[in-house]
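Raw contents of upload-v7.pdb, PDB, C-alpha atoms and all ligand atoms:
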ATOM      1  CA  MET A  22      -6.248  13.255 -23.183  1.00  0.00           C
ATOM      2  CA  VAL A  23      -2.543  13.434 -23.854  1.00  0.00           C
ATOM      3  CA  ILE A  24      -0.470  10.444 -22.870  1.00  0.00           C
ATOM      4  CA  ASP A  25       3.286  10.750 -22.828  1.00  0.00           C
ATOM      5  CA  MET A  26       4.143   7.853 -25.099  1.00  0.00           C
ATOM      6  CA  PRO A  27       7.709   6.712 -25.495  1.00  0.00           C
ATOM      7  CA  THR A  28       8.740   6.200 -29.107  1.00  0.00           C
ATOM      8  CA  ALA A  29       8.119   2.736 -30.472  1.00  0.00           C
ATOM      9  CA  ASP A  30      11.786   1.823 -30.606  1.00  0.00           C
ATOM     10  CA  ALA A  31      12.547   2.975 -27.060  1.00  0.00           C
ATOM     11  CA  THR A  32      14.188   0.231 -25.063  1.00  0.00           C
ATOM     12  CA  ILE A  33      12.100  -0.653 -22.064  1.00  0.00           C
ATOM     13  CA  THR A  34      13.982  -2.145 -19.125  1.00  0.00           C
ATOM     14  CA  ALA A  35      12.658  -4.389 -16.383  1.00  0.00           C
ATOM     15  CA  ALA A  36      13.734  -1.799 -13.793  1.00  0.00           C
ATOM     16  CA  GLN A  37      11.692   0.853 -15.584  1.00  0.00           C
ATOM     17  CA  VAL A  38       8.636  -1.400 -15.655  1.00  0.00           C
ATOM     18  CA  MET A  39       9.037  -2.141 -11.934  1.00  0.00           C
ATOM     19  CA  GLU A  40       9.104   1.611 -11.293  1.00  0.00           C
ATOM     20  CA  TRP A  41       5.892   2.101 -13.293  1.00  0.00           C
ATOM     21  CA  LEU A  42       4.219  -0.710 -11.340  1.00  0.00           C
ATOM     22  CA  HIS A  43       4.426   1.454  -8.214  1.00  0.00           C
ATOM     23  CA  ALA A  44       1.374   3.161  -9.729  1.00  0.00           C
ATOM     24  CA  VAL A  45      -0.707  -0.019  -9.322  1.00  0.00           C
ATOM     25  CA  PRO A  46      -2.412  -0.016  -5.915  1.00  0.00           C
ATOM     26  CA  ASP A  47      -3.573  -3.017  -3.946  1.00  0.00           C
ATOM     27  CA  PRO A  48      -7.374  -2.951  -4.404  1.00  0.00           C
ATOM     28  CA  GLU A  49      -8.006  -3.720  -0.728  1.00  0.00           C
ATOM     29  CA  ILE A  50      -5.442  -1.306   0.705  1.00  0.00           C
ATOM     30  CA  PRO A  51      -5.118   1.480  -1.900  1.00  0.00           C
ATOM     31  CA  VAL A  52      -2.292   3.270  -0.054  1.00  0.00           C
ATOM     32  CA  ILE A  53       0.100   0.424  -0.794  1.00  0.00           C
ATOM     33  CA  SER A  54       1.345  -0.496  -4.269  1.00  0.00           C
ATOM     34  CA  VAL A  55       1.531  -4.060  -5.534  1.00  0.00           C
ATOM     35  CA  VAL A  56       5.322  -3.645  -5.599  1.00  0.00           C
ATOM     36  CA  ASP A  57       5.554  -2.576  -1.940  1.00  0.00           C
ATOM     37  CA  LEU A  58       3.136  -5.334  -0.995  1.00  0.00           C
ATOM     38  CA  GLY A  59       5.681  -7.742  -2.468  1.00  0.00           C
ATOM     39  CA  ILE A  60       3.355  -9.556  -4.860  1.00  0.00           C
ATOM     40  CA  VAL A  61       5.279  -8.548  -8.009  1.00  0.00           C
ATOM     41  CA  ARG A  62       7.899 -11.290  -8.133  1.00  0.00           C
ATOM     42  CA  ASN A  63       9.523 -10.688 -11.476  1.00  0.00           C
ATOM     43  CA  VAL A  64       9.530  -8.521 -14.562  1.00  0.00           C
ATOM     44  CA  ALA A  65      11.029  -9.886 -17.773  1.00  0.00           C
ATOM     45  CA  ILE A  66      11.326  -8.275 -21.166  1.00  0.00           C
ATOM     46  CA  GLN A  67      11.160 -10.874 -23.925  1.00  0.00           C
ATOM     47  CA  ASN A  68      11.532  -9.263 -27.329  1.00  0.00           C
ATOM     48  CA  GLU A  69       8.516  -6.959 -27.570  1.00  0.00           C
ATOM     49  CA  ARG A  70       6.669  -8.621 -24.754  1.00  0.00           C
ATOM     50  CA  CYS A  71       6.726  -7.668 -21.088  1.00  0.00           C
ATOM     51  CA  VAL A  72       6.032 -10.549 -18.688  1.00  0.00           C
ATOM     52  CA  VAL A  73       5.068  -9.644 -15.131  1.00  0.00           C
ATOM     53  CA  THR A  74       4.978 -12.475 -12.590  1.00  0.00           C
ATOM     54  CA  ILE A  75       2.814 -12.003  -9.519  1.00  0.00           C
ATOM     55  CA  THR A  76       2.041 -14.117  -6.462  1.00  0.00           C
ATOM     56  CA  PRO A  77      -1.293 -13.551  -4.706  1.00  0.00           C
ATOM     57  CA  THR A  78      -1.254 -12.733  -1.006  1.00  0.00           C
ATOM     58  CA  TYR A  79      -3.411 -15.774  -0.420  1.00  0.00           C
ATOM     59  CA  SER A  80      -4.762 -18.330  -2.862  1.00  0.00           C
ATOM     60  CA  GLY A  81      -8.103 -17.510  -4.367  1.00  0.00           C
ATOM     61  CA  CYS A  82      -7.655 -13.828  -3.642  1.00  0.00           C
ATOM     62  CA  PRO A  83     -10.630 -12.214  -5.426  1.00  0.00           C
ATOM     63  CA  ALA A  84      -8.635  -9.045  -6.102  1.00  0.00           C
ATOM     64  CA  MET A  85      -6.171 -10.784  -8.415  1.00  0.00           C
ATOM     65  CA  ARG A  86      -8.218 -10.233 -11.584  1.00  0.00           C
ATOM     66  CA  GLU A  87      -8.432  -6.543 -10.765  1.00  0.00           C
ATOM     67  CA  ILE A  88      -4.681  -6.364 -10.110  1.00  0.00           C
ATOM     68  CA  GLU A  89      -3.924  -8.098 -13.422  1.00  0.00           C
ATOM     69  CA  ALA A  90      -6.154  -5.676 -15.329  1.00  0.00           C
ATOM     70  CA  ASP A  91      -4.545  -2.682 -13.561  1.00  0.00           C
ATOM     71  CA  ILE A  92      -1.028  -3.889 -14.386  1.00  0.00           C
ATOM     72  CA  VAL A  93      -1.914  -4.245 -18.070  1.00  0.00           C
ATOM     73  CA  SER A  94      -3.612  -0.849 -18.212  1.00  0.00           C
ATOM     74  CA  VAL A  95      -0.809   1.029 -16.405  1.00  0.00           C
ATOM     75  CA  LEU A  96       1.895  -0.488 -18.616  1.00  0.00           C
ATOM     76  CA  GLN A  97      -0.060   0.078 -21.814  1.00  0.00           C
ATOM     77  CA  SER A  98      -0.520   3.726 -20.873  1.00  0.00           C
ATOM     78  CA  ARG A  99       3.294   3.854 -20.751  1.00  0.00           C
ATOM     79  CA  GLY A 100       3.514   2.478 -24.265  1.00  0.00           C
ATOM     80  CA  VAL A 101       4.186  -1.175 -23.450  1.00  0.00           C
ATOM     81  CA  GLN A 102       2.008  -2.839 -26.058  1.00  0.00           C
ATOM     82  CA  GLN A 103       2.304  -6.493 -25.129  1.00  0.00           C
ATOM     83  CA  VAL A 104       1.829  -7.216 -21.470  1.00  0.00           C
ATOM     84  CA  GLN A 105       1.472 -10.704 -20.098  1.00  0.00           C
ATOM     85  CA  VAL A 106       0.671 -11.293 -16.431  1.00  0.00           C
ATOM     86  CA  GLU A 107       1.602 -14.667 -15.031  1.00  0.00           C
ATOM     87  CA  VAL A 108       0.486 -15.925 -11.658  1.00  0.00           C
ATOM     88  CA  THR A 109       2.725 -18.202  -9.646  1.00  0.00           C
ATOM     89  CA  LEU A 110       1.614 -19.749  -6.359  1.00  0.00           C
ATOM     90  CA  SER A 111       4.942 -21.204  -5.325  1.00  0.00           C
ATOM     91  CA  PRO A 112       6.744 -20.150  -3.256  1.00  0.00           C
ATOM     92  CA  ALA A 113       3.762 -18.787  -1.370  1.00  0.00           C
ATOM     93  CA  TRP A 114       3.627 -15.079  -0.639  1.00  0.00           C
ATOM     94  CA  THR A 115       4.821 -14.105   2.801  1.00  0.00           C
ATOM     95  CA  THR A 116       4.467 -10.842   4.690  1.00  0.00           C
ATOM     96  CA  ASP A 117       8.286 -10.775   4.812  1.00  0.00           C
ATOM     97  CA  TRP A 118       8.161  -9.687   1.142  1.00  0.00           C
ATOM     98  CA  MET A 119       6.413  -6.468   2.095  1.00  0.00           C
ATOM     99  CA  SER A 120       8.776  -3.526   1.779  1.00  0.00           C
ATOM    100  CA  GLU A 121       9.589  -1.145   4.637  1.00  0.00           C
ATOM    101  CA  ARG A 122       7.818   1.587   2.679  1.00  0.00           C
ATOM    102  CA  GLY A 123       4.779  -0.677   2.390  1.00  0.00           C
ATOM    103  CA  LYS A 124       4.728  -1.304   6.138  1.00  0.00           C
ATOM    104  CA  GLN A 125       4.896   2.436   6.843  1.00  0.00           C
ATOM    105  CA  ALA A 126       2.014   3.040   4.413  1.00  0.00           C
ATOM    106  CA  LEU A 127      -0.088   0.402   6.192  1.00  0.00           C
ATOM    107  CA  LYS A 128       0.557   2.065   9.531  1.00  0.00           C
ATOM    108  CA  GLY A 129      -0.451   5.452   8.115  1.00  0.00           C
ATOM    109  CA  TYR A 130      -3.674   3.777   6.987  1.00  0.00           C
ATOM    110  CA  GLY A 131      -4.385   2.631  10.559  1.00  0.00           C
ATOM    111  CA  ILE A 132      -3.425  -1.003  10.051  1.00  0.00           C
ATOM    112  CA  ALA A 133      -0.658  -2.448  12.202  1.00  0.00           C
ATOM    113  CA  PRO A 134       1.967  -3.896   9.800  1.00  0.00           C
ATOM    114  CA  PRO A 135       3.033  -7.539  10.126  1.00  0.00           C
ATOM    115  CA  MET A 136       5.685  -8.224  12.728  1.00  0.00           C
ATOM    116  CA  GLN A 137       8.795 -10.115  11.730  1.00  0.00           C
ATOM    117  CA  ARG A 138       8.043 -13.725  12.465  1.00  0.00           C
ATOM    118  CA  ALA A 139       9.834 -14.641  15.659  1.00  0.00           C
ATOM    119  CA  VAL A 140      12.134 -17.607  15.484  1.00  0.00           C
ATOM    120  CA  ASP A 141      11.921 -19.624  18.640  1.00  0.00           C
ATOM    121  CA  VAL A 142      15.343 -21.216  18.995  1.00  0.00           C
ATOM    122  CA  SER A 143      14.742 -22.695  22.431  1.00  0.00           C
ATOM    123  CA  GLY A 144      11.596 -24.554  21.534  1.00  0.00           C
ATOM    124  CA  ILE A 145      10.411 -23.995  25.084  1.00  0.00           C
ATOM    125  CA  THR A 146       8.400 -20.801  24.961  1.00  0.00           C
ATOM    126  CA  ARG A 147       5.570 -20.481  22.528  1.00  0.00           C
ATOM    127  CA  ARG A 148       3.817 -17.177  22.046  1.00  0.00           C
ATOM    128  CA  SER A 149       0.354 -17.605  20.653  1.00  0.00           C
ATOM    129  CA  GLU A 150      -0.099 -13.942  19.743  1.00  0.00           C
ATOM    130  CA  PRO A 151       2.466 -11.270  18.970  1.00  0.00           C
ATOM    131  CA  SER A 152       2.668  -8.035  20.890  1.00  0.00           C
ATOM    132  CA  VAL A 153       1.423  -5.569  18.264  1.00  0.00           C
ATOM    133  CA  PRO A 154       1.987  -1.847  18.815  1.00  0.00           C
ATOM    134  CA  CYS A 155      -1.040   0.418  18.268  1.00  0.00           C
ATOM    135  CA  PRO A 156      -0.815   2.207  14.867  1.00  0.00           C
ATOM    136  CA  GLN A 157      -2.520   5.268  16.395  1.00  0.00           C
ATOM    137  CA  CYS A 158      -0.541   5.931  19.576  1.00  0.00           C
ATOM    138  CA  ALA A 159       2.290   3.348  19.382  1.00  0.00           C
ATOM    139  CA  SER A 160       1.381   1.866  22.771  1.00  0.00           C
ATOM    140  CA  SER A 161       2.295  -1.797  23.101  1.00  0.00           C
ATOM    141  CA  ASN A 162      -0.538  -2.277  25.582  1.00  0.00           C
ATOM    142  CA  THR A 163      -2.871  -3.931  23.078  1.00  0.00           C
ATOM    143  CA  ARG A 164      -5.125  -6.976  23.165  1.00  0.00           C
ATOM    144  CA  LEU A 165      -6.222  -9.451  20.534  1.00  0.00           C
ATOM    145  CA  ILE A 166     -10.016  -9.231  20.174  1.00  0.00           C
ATOM    146  CA  SER A 167     -10.540 -11.591  17.250  1.00  0.00           C
ATOM    147  CA  GLN A 168      -8.319 -13.718  14.997  1.00  0.00           C
ATOM    148  CA  PHE A 169     -10.270 -12.315  12.065  1.00  0.00           C
ATOM    149  CA  GLY A 170     -10.610  -8.613  11.354  1.00  0.00           C
ATOM    150  CA  SER A 171     -12.213  -6.994   8.296  1.00  0.00           C
ATOM    151  CA  THR A 172     -10.671  -9.739   6.127  1.00  0.00           C
ATOM    152  CA  ALA A 173      -9.262 -13.185   6.880  1.00  0.00           C
ATOM    153  CA  CYS A 174      -5.676 -11.951   6.585  1.00  0.00           C
ATOM    154  CA  LYS A 175      -6.151  -9.428   9.376  1.00  0.00           C
ATOM    155  CA  ALA A 176      -6.760  -9.830  13.113  1.00  0.00           C
ATOM    156  CA  LEU A 177      -8.701  -7.380  15.236  1.00  0.00           C
ATOM    157  CA  TYR A 178      -6.919  -5.769  18.160  1.00  0.00           C
ATOM    158  CA  ARG A 179      -7.874  -3.110  20.654  1.00  0.00           C
ATOM    159  CA  CYS A 180      -5.465  -0.618  22.165  1.00  0.00           C
ATOM    160  CA  GLN A 181      -5.782  -0.440  25.951  1.00  0.00           C
ATOM    161  CA  ALA A 182      -4.119   2.993  26.012  1.00  0.00           C
ATOM    162  CA  CYS A 183      -6.252   4.967  23.546  1.00  0.00           C
ATOM    163  CA  GLY A 184      -9.187   2.557  23.407  1.00  0.00           C
ATOM    164  CA  GLU A 185      -9.144   2.338  19.593  1.00  0.00           C
ATOM    165  CA  PRO A 186      -9.708  -0.970  17.822  1.00  0.00           C
ATOM    166  CA  PHE A 187      -7.411  -1.630  14.873  1.00  0.00           C
ATOM    167  CA  ASP A 188      -6.611  -4.249  12.250  1.00  0.00           C
ATOM    168  CA  TYR A 189      -3.348  -6.147  12.406  1.00  0.00           C
ATOM    169  CA  PHE A 190      -2.042  -7.515   9.112  1.00  0.00           C
ATOM    170  CA  LYS A 191      -1.105 -11.005  10.254  1.00  0.00           C
ATOM    171  CA  ALA A 192       2.365 -12.259   9.475  1.00  0.00           C
ATOM    172  CA  HIS A 193       2.377 -15.433   7.455  1.00  0.00           C
TER     173      HIS A 193
HETATM  174 ZN    ZN A 201      -3.529   3.365  20.896  1.00  0.00          ZN
END
Kindly transcribe the structure held in the file into structure tokens.
Amino acid sequence: MVIDMPTADATITAAQVMEWLHAVPDPEIPVISVVDLGIVRNVAIQNERCVVTITPTYSGCPAMREIEADIVSVLQSRGVQQVQVEVTLSPAWTTDWMSERGKQALKGYGIAPPMQRAVDVSGITRRSEPSVPCPQCASSNTRLISQFGSTACKALYRCQACGEPFDYFKAH
């Protein structure tokens, strides 16, 4: 196997590392990278060491160990010898950190992306469930079936137009 290794004295920038991290998929939703998911909070180059700070999508996320190992392996294959992954829980991850590209990838995967959290300025109306468009046919005629879909962070909806059930990645 031939790996394209940069020379030892090549200067590695944080922007370059961030670009490489697009190759690390989310273990649960492989079509979306950890960068587009918004869990990579910071990349810092300290002397020879590269420190990547990540925030899990929810605390106790079992996929975090796998993500950490993937980050280290991807960066080492690029010639970054010393990789340190730090986990920070505050501020808590929010679906607002997901990139537009990430949301499109989710939709292509059949999962309705999180809606922007509505700000209720009046304080009068309170919507218990958002109107989520169907990722298959884009109809807004959909119904919440269950608050919990295939995982706790998703809700199960059914489209009244095409009859397909789908997961909605809940905004939080
Ligand atoms: Zn539909």
Check: Restricting the calculation to all atoms listed in the file, which member of A:Ala192, A:Ile33, A:Ile75, A:Met39 is positioned closest to Thr109 in chain A?
Finding: A:Ile75
Next item on the list: Could you report the residues within 8 Å of ligand ZN 201 (chain A), using all atoms listed in the file, as number ranges by chain?
Entry: A: 154-160, 162-163, 179-185
Check: Any chance you could work out the residue set of the PyMOL selection byres (((chain A and resi 171-173) around 10) and not hetatm) here, as an MDAnalysis selection string?
Finding: chainID A and resid 49 79 168:170 174:177 187:191
Take the residues from that selection and write them out as a PDB file, in the coordinates of the input, keeping C-alpha atoms.
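part_25.pdb, written as the output of this step:
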ATOM      1  CA  GLU A  49      -8.006  -3.720  -0.728  1.00  0.00           C
ATOM      2  CA  TYR A  79      -3.411 -15.774  -0.420  1.00  0.00           C
ATOM      3  CA  GLN A 168      -8.319 -13.718  14.997  1.00  0.00           C
ATOM      4  CA  PHE A 169     -10.270 -12.315  12.065  1.00  0.00           C
ATOM      5  CA  GLY A 170     -10.610  -8.613  11.354  1.00  0.00           C
ATOM      6  CA  CYS A 174      -5.676 -11.951   6.585  1.00  0.00           C
ATOM      7  CA  LYS A 175      -6.151  -9.428   9.376  1.00  0.00           C
ATOM      8  CA  ALA A 176      -6.760  -9.830  13.113  1.00  0.00           C
ATOM      9  CA  LEU A 177      -8.701  -7.380  15.236  1.00  0.00           C
ATOM     10  CA  PHE A 187      -7.411  -1.630  14.873  1.00  0.00           C
ATOM     11  CA  ASP A 188      -6.611  -4.249  12.250  1.00  0.00           C
ATOM     12  CA  TYR A 189      -3.348  -6.147  12.406  1.00  0.00           C
ATOM     13  CA  PHE A 190      -2.042  -7.515   9.112  1.00  0.00           C
ATOM     14  CA  LYS A 191      -1.105 -11.005  10.254  1.00  0.00           C
TER      15      LYS A 191
END
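By chain and then residue number, the residues within 12 Å of Pro46 in chain A are Val52, Ile53, Ser54, Val55, Val56, Asp57, Leu58, Gly59, Ile60, Val61, Ala84, Met85, Glu87, Ile88, Glu89, Ala90, Asp91, Ile92, Val95, Gly123 and Ala126 of chain A, counting only C-alpha atoms and disregarding those fewer than 6 positions away in sequence.
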Selection dump of the PyMOL selection byres (((chain A and resi 114) around 7) and not hetatm), as a compact mmCIF listing (two decimals) with C-alpha atoms, keeping the file's coordinate frame:
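Wrote it out as expr_0.txt, contents follow:
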# COMPACT_ATOMS: atom_id res chain seq x y z
CA ILE A 60 3.36 -9.56 -4.86
CA THR A 76 2.04 -14.12 -6.46
CA PRO A 77 -1.29 -13.55 -4.71
CA THR A 78 -1.25 -12.73 -1.01
CA PRO A 112 6.74 -20.15 -3.26
CA ALA A 113 3.76 -18.79 -1.37
CA THR A 115 4.82 -14.10 2.80
CA THR A 116 4.47 -10.84 4.69
Next item on the list: Quote the spacing between CA of Ala35 in chain A and CA of Val108 in chain A in Å to one decimal place.
Entry: 17.4 Å
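Each of A:Ser167, A:His193, A:Gln103, A:Ser98 was checked against Pro134 in chain A using only C-alpha atoms; the smallest atom-to-atom distance is that of A:His193.
Between CA of Pro51 in chain A and CA of Thr34 in chain A the separation is 26.0 Å.
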